[in-house]
>>> print(open('entry_20.cif').read())   # mmCIF, C-alpha atoms and all ligand atoms
data_target
#
loop_
_atom_site.label_atom_id
_atom_site.label_comp_id
_atom_site.auth_asym_id
_atom_site.auth_seq_id
_atom_site.Cartn_x
_atom_site.Cartn_y
_atom_site.Cartn_z
CA MET M 1155 82.43 68.62 89.19
CA SER M 1156 78.81 68.78 90.38
CA ASP M 1157 77.29 72.14 90.98
CA GLU M 1158 74.90 71.02 93.71
CA THR M 1159 72.93 74.15 94.58
CA TRP M 1160 70.62 76.35 92.48
CA PRO M 1161 71.18 74.61 89.11
CA GLU M 1162 68.76 76.83 87.19
CA ILE M 1163 70.36 80.02 88.42
CA ARG M 1164 73.80 78.64 87.63
CA GLU M 1165 72.77 77.70 84.11
CA ALA M 1166 71.27 81.14 83.45
CA VAL M 1167 74.34 82.93 84.86
CA ARG M 1168 76.60 80.78 82.69
CA LYS M 1169 74.62 81.82 79.62
CA LEU M 1170 74.86 85.47 80.56
CA CYS M 1171 78.60 85.19 81.20
CA ALA M 1172 79.15 83.55 77.81
CA ASN M 1173 78.41 86.99 76.33
CA PHE M 1174 81.39 88.36 78.27
CA PRO M 1175 84.34 86.21 77.25
CA GLY M 1176 88.00 86.58 78.20
CA ALA M 1177 88.58 89.22 75.52
CA TYR M 1178 85.98 91.45 77.20
CA TRP M 1179 87.64 91.20 80.64
CA ARG M 1180 91.11 91.57 79.18
CA ALA M 1181 90.21 94.83 77.45
CA HIS M 1182 88.86 96.33 80.67
CA ASP M 1183 91.81 94.98 82.65
CA ARG M 1184 94.30 96.50 80.23
CA ALA M 1185 92.65 99.92 80.32
CA ARG M 1186 91.63 99.65 84.00
CA THR M 1187 88.07 100.55 83.00
CA TYR M 1188 84.81 99.56 84.63
CA PRO M 1189 82.95 96.60 83.08
CA ALA M 1190 79.75 98.64 82.85
CA GLU M 1191 78.14 96.44 80.15
CA PHE M 1192 78.53 93.33 82.29
CA VAL M 1193 77.20 95.07 85.39
CA ARG M 1194 74.21 96.36 83.41
CA ALA M 1195 73.42 92.89 82.06
CA LEU M 1196 73.63 91.38 85.53
CA SER M 1197 71.48 94.13 86.98
CA GLU M 1198 68.84 93.86 84.24
CA ALA M 1199 68.66 90.10 84.74
CA GLY M 1200 67.85 90.76 88.42
CA TYR M 1201 70.88 89.04 89.93
CA LEU M 1202 72.12 92.04 91.88
CA SER M 1203 68.80 92.37 93.74
CA ILE M 1204 68.53 88.69 94.48
CA LEU M 1205 68.83 89.22 98.26
CA ILE M 1206 66.40 92.15 98.53
CA PRO M 1207 63.03 90.99 99.95
CA GLU M 1208 60.15 90.73 97.47
CA GLU M 1209 58.19 93.48 99.25
CA PHE M 1210 60.93 95.89 98.15
CA GLY M 1211 61.13 94.60 94.60
CA GLY M 1212 63.94 92.03 94.87
CA ALA M 1213 63.87 88.27 94.40
CA GLY M 1214 63.99 87.61 98.15
CA LEU M 1215 66.21 84.57 97.71
CA PRO M 1216 68.53 83.22 100.40
CA LEU M 1217 72.27 83.85 100.54
CA SER M 1218 73.16 80.53 98.90
CA ALA M 1219 71.49 81.73 95.68
CA ALA M 1220 73.80 84.74 95.64
CA THR M 1221 76.81 82.48 96.26
CA ALA M 1222 75.80 80.44 93.19
CA VAL M 1223 75.64 83.61 91.05
CA LEU M 1224 79.07 84.85 92.13
CA GLU M 1225 80.69 81.45 91.90
CA GLU M 1226 79.51 81.03 88.31
CA ILE M 1227 80.68 84.52 87.31
CA HIS M 1228 84.15 83.71 88.60
CA ARG M 1229 84.19 80.21 87.16
CA SER M 1230 83.46 81.71 83.75
CA GLY M 1231 86.61 83.86 83.97
CA GLY M 1232 84.75 87.05 84.90
CA ASN M 1233 84.88 89.01 88.13
CA GLY M 1234 81.98 89.92 90.40
CA GLY M 1235 84.10 92.48 92.25
CA ALA M 1236 82.75 95.16 89.94
CA CYS M 1237 79.31 94.89 91.50
CA HIS M 1238 79.10 92.21 94.22
CA ALA M 1239 78.61 94.90 96.84
CA GLN M 1240 75.32 95.92 95.18
CA MET M 1241 74.05 92.56 96.42
CA TYR M 1242 74.99 92.85 100.08
CA THR M 1243 75.76 96.45 101.09
CA MET M 1244 72.03 97.09 101.27
CA GLY M 1245 71.96 94.56 104.15
CA THR M 1246 72.94 97.32 106.60
CA LEU M 1247 70.00 99.42 105.42
CA LEU M 1248 67.65 96.43 105.43
CA LYS M 1249 68.60 95.32 108.91
CA HIS M 1250 69.13 98.63 110.68
CA GLY M 1251 67.43 101.30 108.57
CA SER M 1252 64.06 102.85 109.47
CA ALA M 1253 60.86 101.81 107.65
CA GLU M 1254 60.97 105.15 105.88
CA GLN M 1255 64.59 104.73 104.72
CA LYS M 1256 63.88 101.22 103.45
CA ALA M 1257 60.78 102.29 101.55
CA ARG M 1258 62.65 105.22 100.07
CA TYR M 1259 65.77 103.43 98.85
CA LEU M 1260 65.36 99.67 98.61
CA PRO M 1261 62.89 99.52 95.68
CA ARG M 1262 65.15 101.80 93.64
CA ILE M 1263 68.22 99.76 94.58
CA ALA M 1264 66.32 96.62 93.57
CA SER M 1265 65.41 98.09 90.17
CA GLY M 1266 69.02 99.15 89.59
CA GLU M 1267 68.04 102.83 89.42
CA LEU M 1268 70.24 103.47 92.45
CA ARG M 1269 73.61 101.84 92.94
CA LEU M 1270 74.56 101.23 96.55
CA GLN M 1271 77.85 99.46 96.10
CA ALA M 1272 80.36 101.59 97.97
CA PHE M 1273 81.25 100.70 101.52
CA GLY M 1274 83.49 103.24 103.25
CA VAL M 1275 85.32 101.85 106.25
CA THR M 1276 89.11 101.64 105.73
CA GLU M 1277 91.33 104.67 106.30
CA PRO M 1278 95.05 105.22 105.72
CA GLY M 1279 95.65 104.90 109.48
CA ALA M 1280 92.97 102.30 110.18
CA GLY M 1281 92.75 99.07 108.20
CA THR M 1282 92.54 95.98 110.34
CA ASP M 1283 91.86 97.99 113.51
CA THR M 1284 88.63 99.69 112.49
CA THR M 1285 88.18 101.37 115.85
CA ARG M 1286 91.06 103.72 114.90
CA ILE M 1287 89.08 105.46 112.18
CA THR M 1288 89.05 109.22 112.57
CA THR M 1289 86.72 110.44 109.81
CA PHE M 1290 84.35 112.54 111.87
CA ALA M 1291 80.71 113.54 111.45
CA ARG M 1292 79.81 116.62 113.48
CA ARG M 1293 76.12 117.16 114.13
CA GLU M 1294 74.84 120.64 113.30
CA GLY M 1295 71.06 120.92 113.53
CA ASP M 1296 69.47 118.70 110.91
CA ARG M 1297 72.70 117.67 109.23
CA TYR M 1298 76.10 116.10 109.80
CA ILE M 1299 79.29 117.73 108.57
CA VAL M 1300 81.80 115.05 107.58
CA SER M 1301 85.59 115.52 107.37
CA GLY M 1302 88.30 112.94 106.96
CA GLN M 1303 89.84 110.47 104.55
CA LYS M 1304 89.05 106.94 103.42
CA ILE M 1305 91.17 104.59 101.34
CA TRP M 1306 90.52 101.51 99.21
CA ILE M 1307 86.88 102.42 98.77
CA SER M 1308 85.93 100.35 95.78
CA ARG M 1309 83.35 101.35 93.17
CA ALA M 1310 82.92 104.83 94.70
CA GLU M 1311 82.86 106.34 91.21
CA HIS M 1312 80.16 103.88 90.19
CA SER M 1313 77.86 104.31 93.16
CA ASP M 1314 75.00 106.69 93.79
CA LEU M 1315 75.02 105.91 97.49
CA MET M 1316 77.63 104.83 99.99
CA ILE M 1317 77.43 103.25 103.42
CA LEU M 1318 79.95 105.30 105.41
CA LEU M 1319 81.35 104.41 108.82
CA CYS M 1320 82.59 107.45 110.70
CA ARG M 1321 83.10 108.64 114.22
CA THR M 1322 80.50 110.76 115.96
CA THR M 1323 82.41 110.51 119.25
CA ARG M 1324 86.17 110.48 119.30
CA ARG M 1325 87.78 107.18 120.30
CA GLU M 1326 89.37 108.65 123.39
CA GLU M 1327 86.01 110.04 124.55
CA ALA M 1328 84.01 106.84 123.91
CA ALA M 1329 83.29 104.36 126.71
CA LYS M 1330 84.75 101.54 124.60
CA PRO M 1331 86.86 101.72 121.41
CA GLY M 1332 84.00 100.18 119.40
CA ASP M 1333 81.51 102.79 120.62
CA GLY M 1334 80.96 106.22 119.11
CA MET M 1335 80.96 105.19 115.44
CA SER M 1336 77.93 105.79 113.23
CA VAL M 1337 76.71 104.74 109.82
CA LEU M 1338 75.60 107.38 107.33
CA LEU M 1339 74.01 106.76 103.97
CA VAL M 1340 75.88 109.24 101.79
CA ASP M 1341 74.40 110.42 98.50
CA MET M 1342 77.55 110.46 96.37
CA ARG M 1343 75.94 112.57 93.66
CA GLU M 1344 75.37 115.38 96.17
CA ALA M 1345 78.58 114.87 98.12
CA VAL M 1346 80.89 115.32 95.11
CA LYS M 1347 79.31 118.73 94.52
CA GLN M 1348 80.20 119.93 97.99
CA GLY M 1349 83.52 118.70 99.31
CA LEU M 1350 83.98 115.02 98.48
CA THR M 1351 86.95 114.26 96.23
CA ILE M 1352 87.30 110.77 94.75
CA ARG M 1353 90.75 109.77 93.55
CA PRO M 1354 91.18 106.42 91.74
CA ILE M 1355 94.05 104.14 92.85
CA ARG M 1356 95.67 102.01 90.18
CA THR M 1357 96.23 98.53 91.59
CA MET M 1358 97.53 95.18 90.35
CA LEU M 1359 93.99 94.20 89.46
CA ASN M 1360 91.15 96.08 87.83
CA HIS M 1361 89.05 96.86 90.87
CA ALA M 1362 87.82 100.47 90.56
CA THR M 1363 89.14 101.27 94.00
CA THR M 1364 89.62 104.83 95.24
CA GLU M 1365 90.70 107.23 97.92
CA LEU M 1366 88.09 109.59 99.33
CA PHE M 1367 88.65 113.03 100.84
CA PHE M 1368 85.79 114.56 102.82
CA ASP M 1369 86.12 118.29 103.34
CA GLU M 1370 83.15 119.47 105.43
CA VAL M 1371 80.66 117.40 103.43
CA GLU M 1372 77.05 117.89 104.51
CA VAL M 1373 74.91 114.80 105.00
CA PRO M 1374 71.27 115.19 106.12
CA ALA M 1375 70.78 113.86 109.66
CA GLU M 1376 67.88 111.76 108.35
CA ASN M 1377 70.52 109.66 106.55
CA LEU M 1378 71.83 108.28 109.82
CA ILE M 1379 71.19 104.53 109.86
CA GLY M 1380 70.02 103.17 113.18
CA GLU M 1381 71.25 104.86 116.34
CA GLU M 1382 74.15 107.26 116.58
CA GLY M 1383 77.23 105.62 118.11
CA LYS M 1384 76.22 102.03 117.32
CA GLY M 1385 77.55 101.91 113.77
CA PHE M 1386 80.42 99.52 114.39
CA ARG M 1387 78.01 96.80 115.45
CA TYR M 1388 75.87 97.38 112.35
CA ILE M 1389 78.92 97.04 110.11
CA LEU M 1390 80.08 93.87 111.88
CA ASP M 1391 76.60 92.44 111.31
CA GLY M 1392 77.00 92.78 107.55
CA MET M 1393 80.45 91.23 107.40
CA ASN M 1394 79.37 87.61 107.58
CA ALA M 1395 77.36 87.88 104.37
CA GLU M 1396 80.24 89.66 102.68
CA ARG M 1397 82.77 87.00 103.71
CA ILE M 1398 80.57 84.12 102.57
CA LEU M 1399 79.94 85.79 99.21
CA ILE M 1400 83.61 86.58 98.65
CA ALA M 1401 84.44 82.99 99.58
CA SER M 1402 82.07 81.83 96.83
CA GLU M 1403 83.96 84.04 94.37
CA CYS M 1404 87.16 82.26 95.42
CA ILE M 1405 85.46 78.91 94.85
CA GLY M 1406 84.53 80.09 91.35
CA ASP M 1407 88.10 81.24 90.71
CA GLY M 1408 89.42 77.89 91.91
CA ARG M 1409 87.07 76.03 89.57
CA PHE M 1410 88.20 78.26 86.69
CA PHE M 1411 91.86 77.40 87.35
CA ILE M 1412 91.16 73.68 87.74
CA ASP M 1413 89.04 73.61 84.53
CA ARG M 1414 91.77 75.42 82.61
CA ALA M 1415 94.63 73.41 84.08
CA GLY M 1416 92.89 70.11 83.31
CA ALA M 1417 92.11 71.10 79.73
CA TYR M 1418 95.62 72.37 79.07
CA ALA M 1419 97.33 69.39 80.71
CA SER M 1420 95.28 67.04 78.54
CA SER M 1421 96.09 68.81 75.29
CA ARG M 1422 99.63 70.14 75.64
CA GLU M 1423 102.16 67.61 74.38
CA VAL M 1424 105.78 67.58 75.55
CA PHE M 1425 108.15 64.64 74.90
CA GLY M 1426 105.49 63.26 72.58
CA ARG M 1427 102.71 62.89 75.14
CA ALA M 1428 100.20 65.01 77.03
CA ILE M 1429 101.82 66.67 80.04
CA GLY M 1430 98.74 65.62 82.05
CA SER M 1431 99.80 61.98 81.74
CA ASN M 1432 102.65 62.74 84.15
CA GLN M 1433 101.70 62.38 87.80
CA GLY M 1434 103.89 65.37 88.59
CA VAL M 1435 101.37 67.40 86.60
CA GLN M 1436 98.23 65.50 87.63
CA PHE M 1437 98.75 65.63 91.36
CA PRO M 1438 98.75 69.42 91.82
CA ILE M 1439 95.50 69.58 89.83
CA ALA M 1440 94.00 66.83 91.97
CA ARG M 1441 95.26 68.52 95.15
CA ALA M 1442 93.72 71.83 94.09
CA TYR M 1443 90.42 70.02 93.52
CA VAL M 1444 90.54 68.34 96.93
CA GLN M 1445 91.31 71.61 98.71
CA LEU M 1446 88.65 73.49 96.81
CA SER M 1447 86.01 70.84 97.48
CA ALA M 1448 86.66 71.06 101.23
CA ALA M 1449 86.53 74.86 101.14
CA ALA M 1450 83.25 74.74 99.18
CA LEU M 1451 81.71 72.62 101.93
CA MET M 1452 82.66 75.24 104.51
CA VAL M 1453 81.12 77.96 102.34
CA GLN M 1454 77.93 75.91 102.15
CA LYS M 1455 77.92 75.38 105.90
CA ALA M 1456 78.42 79.07 106.63
CA ALA M 1457 75.66 80.01 104.17
CA ALA M 1458 73.27 77.47 105.70
CA LEU M 1459 73.89 78.85 109.20
CA PHE M 1460 73.43 82.40 107.93
CA GLU M 1461 70.15 81.47 106.26
CA ALA M 1462 68.92 79.77 109.44
CA GLY M 1463 69.65 82.96 111.38
CA GLN M 1464 72.26 81.14 113.48
CA PRO M 1465 75.58 82.65 114.60
CA CYS M 1466 78.02 82.09 111.72
CA GLY M 1467 80.91 84.49 112.30
CA SER M 1468 83.53 81.79 112.75
CA GLU M 1469 82.25 79.71 109.84
CA ALA M 1470 82.08 82.76 107.54
CA ASN M 1471 85.67 83.60 108.46
CA MET M 1472 86.89 80.04 108.03
CA ALA M 1473 85.08 79.73 104.70
CA LYS M 1474 86.75 82.90 103.43
CA MET M 1475 90.17 81.77 104.58
CA LEU M 1476 89.91 78.23 103.20
CA ALA M 1477 88.42 79.39 99.91
CA SER M 1478 90.96 82.18 99.36
CA GLU M 1479 93.84 79.81 100.08
CA ALA M 1480 92.38 77.08 97.87
CA SER M 1481 91.86 79.52 94.98
CA TRP M 1482 95.40 80.84 95.38
CA PHE M 1483 96.86 77.33 95.38
CA ALA M 1484 94.82 76.57 92.25
CA ALA M 1485 96.00 79.81 90.63
CA ASP M 1486 99.66 79.04 91.24
CA MET M 1487 99.18 75.46 90.07
CA CYS M 1488 97.41 76.58 86.90
CA LEU M 1489 100.09 79.12 86.04
CA GLN M 1490 102.80 76.51 86.51
CA ILE M 1491 101.02 73.96 84.34
CA HIS M 1492 100.67 76.49 81.53
CA GLY M 1493 104.43 77.02 81.47
CA GLY M 1494 105.33 80.21 79.62
CA PHE M 1495 101.83 80.54 78.21
CA GLY M 1496 100.49 81.17 81.71
CA PHE M 1497 102.16 84.56 81.53
CA ALA M 1498 100.56 85.48 78.22
CA GLU M 1499 97.68 87.88 78.63
CA GLU M 1500 95.46 86.09 76.13
CA TYR M 1501 95.19 82.96 78.29
CA ASP M 1502 93.50 84.91 81.14
CA ILE M 1503 95.48 82.92 83.71
CA GLU M 1504 97.78 85.76 84.75
CA ARG M 1505 94.79 88.12 85.10
CA LYS M 1506 92.81 85.71 87.27
CA PHE M 1507 96.02 84.95 89.21
CA ARG M 1508 96.33 88.64 90.08
CA GLU M 1509 92.63 88.92 90.87
CA THR M 1510 92.36 85.98 93.22
CA ARG M 1511 95.38 87.05 95.30
CA LEU M 1512 93.38 89.94 96.71
CA TYR M 1513 91.15 87.75 98.81
CA GLN M 1514 93.82 86.80 101.32
CA VAL M 1515 94.07 90.50 102.23
CA ALA M 1516 90.61 91.97 101.68
CA PRO M 1517 88.01 92.28 103.01
CA ILE M 1518 89.88 90.73 105.95
CA SER M 1519 93.38 89.32 106.04
CA THR M 1520 94.20 85.72 106.88
CA ASN M 1521 96.06 86.63 110.08
CA LEU M 1522 92.99 88.31 111.47
CA ILE M 1523 90.88 85.25 110.74
CA LEU M 1524 93.43 83.04 112.49
CA SER M 1525 93.42 85.45 115.42
CA HIS M 1526 89.61 85.26 115.57
CA VAL M 1527 89.66 81.46 115.55
CA ALA M 1528 92.47 81.29 118.14
CA THR M 1529 90.83 83.63 120.62
CA HIS M 1530 87.08 83.34 119.97
CA VAL M 1531 86.81 79.67 119.05
CA LEU M 1532 89.73 78.06 120.86
CA GLY M 1533 89.83 80.39 123.86
CA LEU M 1534 93.51 81.32 123.62
CA PRO M 1535 94.61 84.55 125.33
CA LYS M 1536 94.01 87.72 123.33
CA SER M 1537 97.06 89.28 121.70
CA PHE M 1538 95.48 92.69 121.06
C1 LIG V 1 91.66 96.23 96.10
C2 LIG V 1 91.13 96.54 97.47
C3 LIG V 1 89.79 96.86 97.63
C4 LIG V 1 89.29 97.20 98.90
N1 LIG V 1 87.98 97.62 99.02
C5 LIG V 1 87.58 98.15 100.20
C6 LIG V 1 86.29 98.78 100.30
O1 LIG V 1 85.50 98.83 99.33
N2 LIG V 1 85.94 99.36 101.47
C7 LIG V 1 86.77 99.35 102.57
O2 LIG V 1 86.39 99.90 103.60
N3 LIG V 1 88.00 98.75 102.50
C8 LIG V 1 88.41 98.15 101.35
N4 LIG V 1 89.66 97.58 101.27
C9 LIG V 1 90.55 97.60 102.44
C10 LIG V 1 90.79 96.22 103.06
O3 LIG V 1 89.64 95.83 103.78
C11 LIG V 1 92.05 96.36 103.92
O4 LIG V 1 93.15 96.46 103.04
C12 LIG V 1 92.21 95.19 104.86
O5 LIG V 1 91.22 95.22 105.84
C13 LIG V 1 93.59 95.21 105.54
O6 LIG V 1 93.86 96.46 106.08
P1 LIG V 1 95.25 97.22 105.77
O7 LIG V 1 95.45 97.17 104.31
O8 LIG V 1 95.22 98.55 106.41
O9 LIG V 1 96.31 96.31 106.46
P2 LIG V 1 96.93 96.50 107.92
O10 LIG V 1 95.85 96.59 108.93
O11 LIG V 1 97.93 97.58 107.88
O12 LIG V 1 97.68 95.11 108.10
C14 LIG V 1 98.86 94.80 107.35
C15 LIG V 1 99.20 93.33 107.56
O13 LIG V 1 99.52 93.12 108.95
C16 LIG V 1 98.75 92.04 109.45
N5 LIG V 1 98.39 92.33 110.85
C17 LIG V 1 97.90 93.47 111.36
N6 LIG V 1 97.71 93.35 112.68
C18 LIG V 1 98.08 92.08 113.01
C19 LIG V 1 98.08 91.33 114.23
N7 LIG V 1 97.69 91.86 115.39
N8 LIG V 1 98.53 90.07 114.19
C20 LIG V 1 98.95 89.50 113.04
N9 LIG V 1 98.94 90.15 111.86
C21 LIG V 1 98.51 91.43 111.84
C22 LIG V 1 97.51 91.96 108.57
O14 LIG V 1 97.01 90.65 108.58
C23 LIG V 1 98.08 92.38 107.22
O15 LIG V 1 98.56 91.25 106.54
C24 LIG V 1 90.16 97.16 100.02
C25 LIG V 1 91.50 96.79 99.86
C26 LIG V 1 91.99 96.50 98.62
C27 LIG V 1 93.45 96.17 98.48
#
>>> encode(input="entry_20.cif", output="structure tokens")
Amino acid sequence: MSDETWPEIREAVRKLCANFPGAYWRAHDRARTYPAEFVRALSEAGYLSILIPEEFGGAGLPLSAATAVLEEIHRSGGNGGACHAQMYTMGTLLKHGSAEQKARYLPRIASGELRLQAFGVTEPGAGTDTTRITTFARREGDRYIVSGQKIWISRAEHSDLMILLCRTTRREEAAKPGDGMSVLLVDMREAVKQGLTIRPIRTMLNHATTELFFDEVEVPAENLIGEEGKGFRYILDGMNAERILIASECIGDGRFFIDRAGAYASSREVFGRAIGSNQGVQFPIARAYVQLSAAALMVQKAAALFEAGQPCGSEANMAKMLASEASWFAADMCLQIHGGFGFAEEYDIERKFRETRLYQVAPISTNLILSHVATHVLGLPKSF
């Protein structure tokens, strides 16, 4: 399988990942602990600051370079979910922050001194319909006082800063449902001292995700990003990059499953011959490869549009949907081909199977992508 883009980066990432074999990921998965050593190695090698412009200390590379990094991590059997947001969450600050905010934070994010990898949007009563969030920031002089609750906020315990979407005008008082939301850059180190409670949620995969409770947490007004009330648009702006990068993780997962399935099918003998010599075993592997190759092309197209500054919302969504479905098909295929051994922890298949399932739900579910395509691309009547 050719690796087309960024061969040198891919080769270097592969070498780095070789130091973090299946046993490493299994141990963290079993204990639901954070793969801090891996994240440190990736950060020190400069991969997490790959998208930060050179003037702020990053590599200033285009999005496709970041897709190559994440794809290789996932192809190796690892998981970029522990830190992928350090790559792209800063995009909101870069695009909408003031010159002062950028100068203050970006160089330290680029060096790895500050971790900005928490992104607080979802709430118990507002998942897909973001405009229903109720976490509220009340302005009092030179600060905001934040109260409310967030859920599924990943890496909150491993972040110094968080991009928080909250309401500064209640939904019923805003001109439009998407108005009246604002983005605050929350210093987690300060917030936990004065009213922020972080509660880990144990999930079917090791994802360091949490619930957050804000009880009158003070955030300096200077930490408002962009204009008050326009936060929803700023968050939407960042979603294309996120979707394209997550899609590349799915492509990496799919390649992992196809690599493993092919190797196992060629070596496992049943009835005196390799199971891979049966077409009933070959065809699902070939089908997974075909589906994944098509999805990878859509990821490349979306990334190219993004890099050219062209609208890419539909392509980013389609890339995420195709890639997450292709990786899931490959996961199911790979498990089946491994027979009983697919369920054994030491093969890493069951772990990756659990991990890749997430991407059909988060960061956006398949139904919502189909709804976007139906109404925004094909012009069908809106259903909500
Ligand atoms: C492990 C994990 C990590 C996450 N990390 C983060 C994070 O770091 N930050 C963050 O802000 N969020 C995070 N999320 C939240 C994630 O973005 C949401 O789970 C996702 O957006 C779906 O929202 P929901 O779970 O509330 O589902 P709901 O909105 O309740 O939807 C439930 C189901 O109904 C379907 N549905 C809803 N409305 C319609 C409709 N009109 N038509 C058809 N189908 C519909 C959806 O497609 C979905 O399948 C994470 C979630 C998980 C599980």
>>> residues_near_ligand(input="entry_20.cif", ligand="ligand LIG 1 (chain V)", cutoff="9 Å", atoms="all atoms listed in the file", output="count of residues only")
50
>>> residues_around(input="entry_20.cif", residues="Ala1473 (chain M)", least_positions_apart="2", cutoff="12 Å", atoms="all atoms listed in the file", output="VMD selection string")
chain M and resid 1394 to 1405 1445 to 1457 1466 to 1471 1475 to 1481 1513 to 1514 1520 1523 to 1524 1527
>>> residues_near_point(input="entry_20.cif", point="(76.6, 107.2, 106.7)", cutoff="10 Å", atoms="only C-alpha atoms", output="VMD selection string")
chain M and resid 1273 to 1274 1291 1298 1300 1315 to 1320 1335 to 1341 1373 to 1379 1385
>>> closest_residue(input="entry_20.cif", among="M:Met1342, M:Cys1237, M:Leu1270, M:Leu1217", to="Gly1463 (chain M)", atoms="all atoms listed in the file")
M:Leu1217
>>> atom_distance(input="entry_20.cif", atom1="CA of Ile1352 (chain M)", atom2="CA of Glu1365 (chain M)")
5.8 Å
>>> build_atoms(input="entry_20.cif", residues="region 1419-1432 of chain M", atoms="N, CA, C and O atoms", output="PDB file, in the coordinates of the input")
ATOM      1  N   ALA M1419      96.466  70.550  80.436  1.00  0.00           N
ATOM      2  CA  ALA M1419      97.330  69.390  80.710  1.00  0.00           C
ATOM      3  C   ALA M1419      96.965  68.207  79.811  1.00  0.00           C
ATOM      4  O   ALA M1419      97.818  67.390  79.469  1.00  0.00           O
ATOM      5  N   SER M1420      95.693  68.144  79.411  1.00  0.00           N
ATOM      6  CA  SER M1420      95.280  67.040  78.540  1.00  0.00           C
ATOM      7  C   SER M1420      95.659  67.280  77.088  1.00  0.00           C
ATOM      8  O   SER M1420      95.759  66.336  76.307  1.00  0.00           O
ATOM      9  N   SER M1421      95.847  68.543  76.709  1.00  0.00           N
ATOM     10  CA  SER M1421      96.090  68.810  75.290  1.00  0.00           C
ATOM     11  C   SER M1421      97.543  69.171  74.966  1.00  0.00           C
ATOM     12  O   SER M1421      98.007  68.936  73.857  1.00  0.00           O
ATOM     13  N   ARG M1422      98.261  69.703  75.914  1.00  0.00           N
ATOM     14  CA  ARG M1422      99.630  70.140  75.640  1.00  0.00           C
ATOM     15  C   ARG M1422     100.577  68.919  75.606  1.00  0.00           C
ATOM     16  O   ARG M1422     100.667  68.172  76.600  1.00  0.00           O
ATOM     17  N   GLU M1423     101.254  68.757  74.477  1.00  0.00           N
ATOM     18  CA  GLU M1423     102.160  67.610  74.380  1.00  0.00           C
ATOM     19  C   GLU M1423     103.620  68.041  74.503  1.00  0.00           C
ATOM     20  O   GLU M1423     104.054  68.996  73.852  1.00  0.00           O
ATOM     21  N   VAL M1424     104.336  67.372  75.375  1.00  0.00           N
ATOM     22  CA  VAL M1424     105.780  67.580  75.550  1.00  0.00           C
ATOM     23  C   VAL M1424     106.407  66.179  75.623  1.00  0.00           C
ATOM     24  O   VAL M1424     105.794  65.280  76.233  1.00  0.00           O
ATOM     25  N   PHE M1425     107.536  65.969  75.001  1.00  0.00           N
ATOM     26  CA  PHE M1425     108.150  64.640  74.900  1.00  0.00           C
ATOM     27  C   PHE M1425     107.182  63.642  74.262  1.00  0.00           C
ATOM     28  O   PHE M1425     107.107  62.473  74.653  1.00  0.00           O
ATOM     29  N   GLY M1426     106.358  64.153  73.345  1.00  0.00           N
ATOM     30  CA  GLY M1426     105.490  63.260  72.580  1.00  0.00           C
ATOM     31  C   GLY M1426     104.269  62.752  73.317  1.00  0.00           C
ATOM     32  O   GLY M1426     103.596  61.831  72.862  1.00  0.00           O
ATOM     33  N   ARG M1427     103.934  63.312  74.459  1.00  0.00           N
ATOM     34  CA  ARG M1427     102.710  62.890  75.140  1.00  0.00           C
ATOM     35  C   ARG M1427     102.147  64.049  75.955  1.00  0.00           C
ATOM     36  O   ARG M1427     102.863  65.008  76.285  1.00  0.00           O
ATOM     37  N   ALA M1428     100.856  63.925  76.284  1.00  0.00           N
ATOM     38  CA  ALA M1428     100.200  65.010  77.030  1.00  0.00           C
ATOM     39  C   ALA M1428     100.885  65.188  78.380  1.00  0.00           C
ATOM     40  O   ALA M1428     101.154  64.191  79.075  1.00  0.00           O
ATOM     41  N   ILE M1429     101.152  66.440  78.741  1.00  0.00           N
ATOM     42  CA  ILE M1429     101.820  66.670  80.040  1.00  0.00           C
ATOM     43  C   ILE M1429     100.969  66.132  81.188  1.00  0.00           C
ATOM     44  O   ILE M1429     101.487  65.712  82.216  1.00  0.00           O
ATOM     45  N   GLY M1430      99.659  66.095  80.991  1.00  0.00           N
ATOM     46  CA  GLY M1430      98.740  65.620  82.050  1.00  0.00           C
ATOM     47  C   GLY M1430      98.869  64.127  82.301  1.00  0.00           C
ATOM     48  O   GLY M1430      98.276  63.616  83.257  1.00  0.00           O
ATOM     49  N   SER M1431      99.619  63.416  81.455  1.00  0.00           N
ATOM     50  CA  SER M1431      99.800  61.980  81.740  1.00  0.00           C
ATOM     51  C   SER M1431     100.937  61.767  82.756  1.00  0.00           C
ATOM     52  O   SER M1431     101.143  60.657  83.230  1.00  0.00           O
ATOM     53  N   ASN M1432     101.628  62.831  83.096  1.00  0.00           N
ATOM     54  CA  ASN M1432     102.650  62.740  84.150  1.00  0.00           C
ATOM     55  C   ASN M1432     102.000  63.008  85.518  1.00  0.00           C
ATOM     56  O   ASN M1432     101.272  63.995  85.669  1.00  0.00           O
TER      57      ASN M1432
END
